[in-house]
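Q: Please read through the structure below; I'll follow up with questions.
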Amino acid sequence: ADVPKLTVVVAGSHGAGNYGMCGRAYDPRFLFMWPNARISVMGGAQAADVLATVKQDQLQRQGKPTMSDVELQEFRRPTLEKYEKEGSPYHSTARLWDDGIIDPRDTRYVLGRCLRICSRSPGGGRATGSNFGVFRM
């Protein structure tokens with residue numbers, strides 16, 4: 001069916017949930033984000049916890065003392081900061097990973113415009129017989 005896929009990320013979109021909810025990998029015709037949205041492979045806290053667990057296990061295998069709570073927090077800090085910065089919708093939209101950030105109050109209007117565009121471009125906006133994706137500028 002020629003049903004347009006439109007995605008609006010309104011909160012967190014991490015990992016498999018991003019794919020399951022029609023993230024970029026599933027080729028939505030339009031993908032927008034709200035200013036408070038976050039997008040990444042996994043949540044920052046989860047990534048920091050995984051790395052901390054791996055490091056603690058490594059120290060234990062080497063017979064060294066494991067990190068104290070203060071050392072753990074310091075170890076986790078760079079990962080948390082990186083995920084906070086790179087999970088920002090401004091980071092993703094600057095790299096053209098989406099079609100822009102929209103004011104939540106304008107969501108209905110923007111989706112209406114997208115549906116209008118899609119109605120004038122059957123087949124999801126792809127030229128018949130083409131094998132290239134959508135060019136985003």
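Chain identifiers are assigned as A, B, and so on, following the order in which chains appear in the structure tokens; residues are numbered from 1 within each chain, and ligands are numbered from 1 in order of appearance.
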Quick one: everything within 12 Å of stretch 54-58 of chain A, counting only C-alpha atoms, minus sequence neighbours fewer than 2 positions away in the same chain. Send it as a ChimeraX atom specification.

A: /A:47-52,60-69,71-72,75-76

Q: Determine, counting only C-alpha atoms, which protein, DNA and RNA residues have an atom within 6 Å of an atom of stretch 10-27 of chain A; residues of the same chain fewer than 5 positions away are not included. Present the result as a PyMOL selection string.

A: chain A and resi 34+37-42

Q: Which of stretch 12-133 of chain A end up as strand (DSSP E or B) when DSSP is run on this backbone - answer as a tab-separated table (two decimals) with C-alpha atoms, in the first residue's frame?

A:
chain	number	residue	atom	x	y	z
A	12	GLY	CA	13.20	9.29	24.06
A	13	SER	CA	13.93	7.15	21.02
A	14	HIS	CA	16.65	4.67	21.88
A	30	PHE	CA	9.24	12.58	7.03
A	31	LEU	CA	10.84	12.41	10.46
A	32	PHE	CA	10.58	15.35	12.88
A	33	MET	CA	11.62	15.83	16.48
A	38	ARG	CA	16.35	12.45	22.71
A	39	ILE	CA	17.71	9.94	20.22
A	40	SER	CA	20.58	7.48	20.58
A	101	ILE	CA	12.74	20.21	15.01

Q: Write out as a PyMOL selection string all residues of stretch 14-113 of chain A that DSSP puts in helix (DSSP H, G or I) for this structure's backbone.

A: chain A and resi 16-20+24-26+44-61+69-86+89-94+104-113

Q: Go through A:Val110, A:Leu6, A:Leu115, A:Ala45 one by one, measure the shortest atom-to-atom distance of each to A:Glu84 using only C-alpha atoms, and give the residue with the smallest value.

A: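 Distance minimum relative to A:Glu84 lands on A:Ala45.
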
Q: Give the answer as one residue: which of A:Val9, A:Val3, A:Ala94, A:Val70 has the shortest atom-to-atom distance to A:Cys118, using only C-alpha atoms?

A: A:Val3

Q: Using only C-alpha atoms, which residue out of A:Asp103, A:Asp2, A:His91, A:Arg29 lies closest to A:Ile117?

A: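 Nearest to A:Ile117: A:Arg29.
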
Q: To one decimal place, how far is atom CA of A:Ile102 from atom CA of A:Ser119 in Å?

A: 21.2 Å

Q: Between A:Arg77, A:Lys5, A:Arg95, A:Arg105, single out the one closest to A:Pro35, counting only C-alpha atoms.

A: A:Arg105

Q: Please indicate the distance in Å from atom CA of A:Tyr90 to atom CA of A:Asp106, rounded to one decimal place.

A: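 Between atom CA of A:Tyr90 and atom CA of A:Asp106 the gap works out to 17.5 Å.
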
Q: Using atom CA of A:Asp99 and atom CA of A:Arg120 as the two end points, give the distance in Å to one decimal.

A: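 Between these atoms lies a distance of 18.6 Å.
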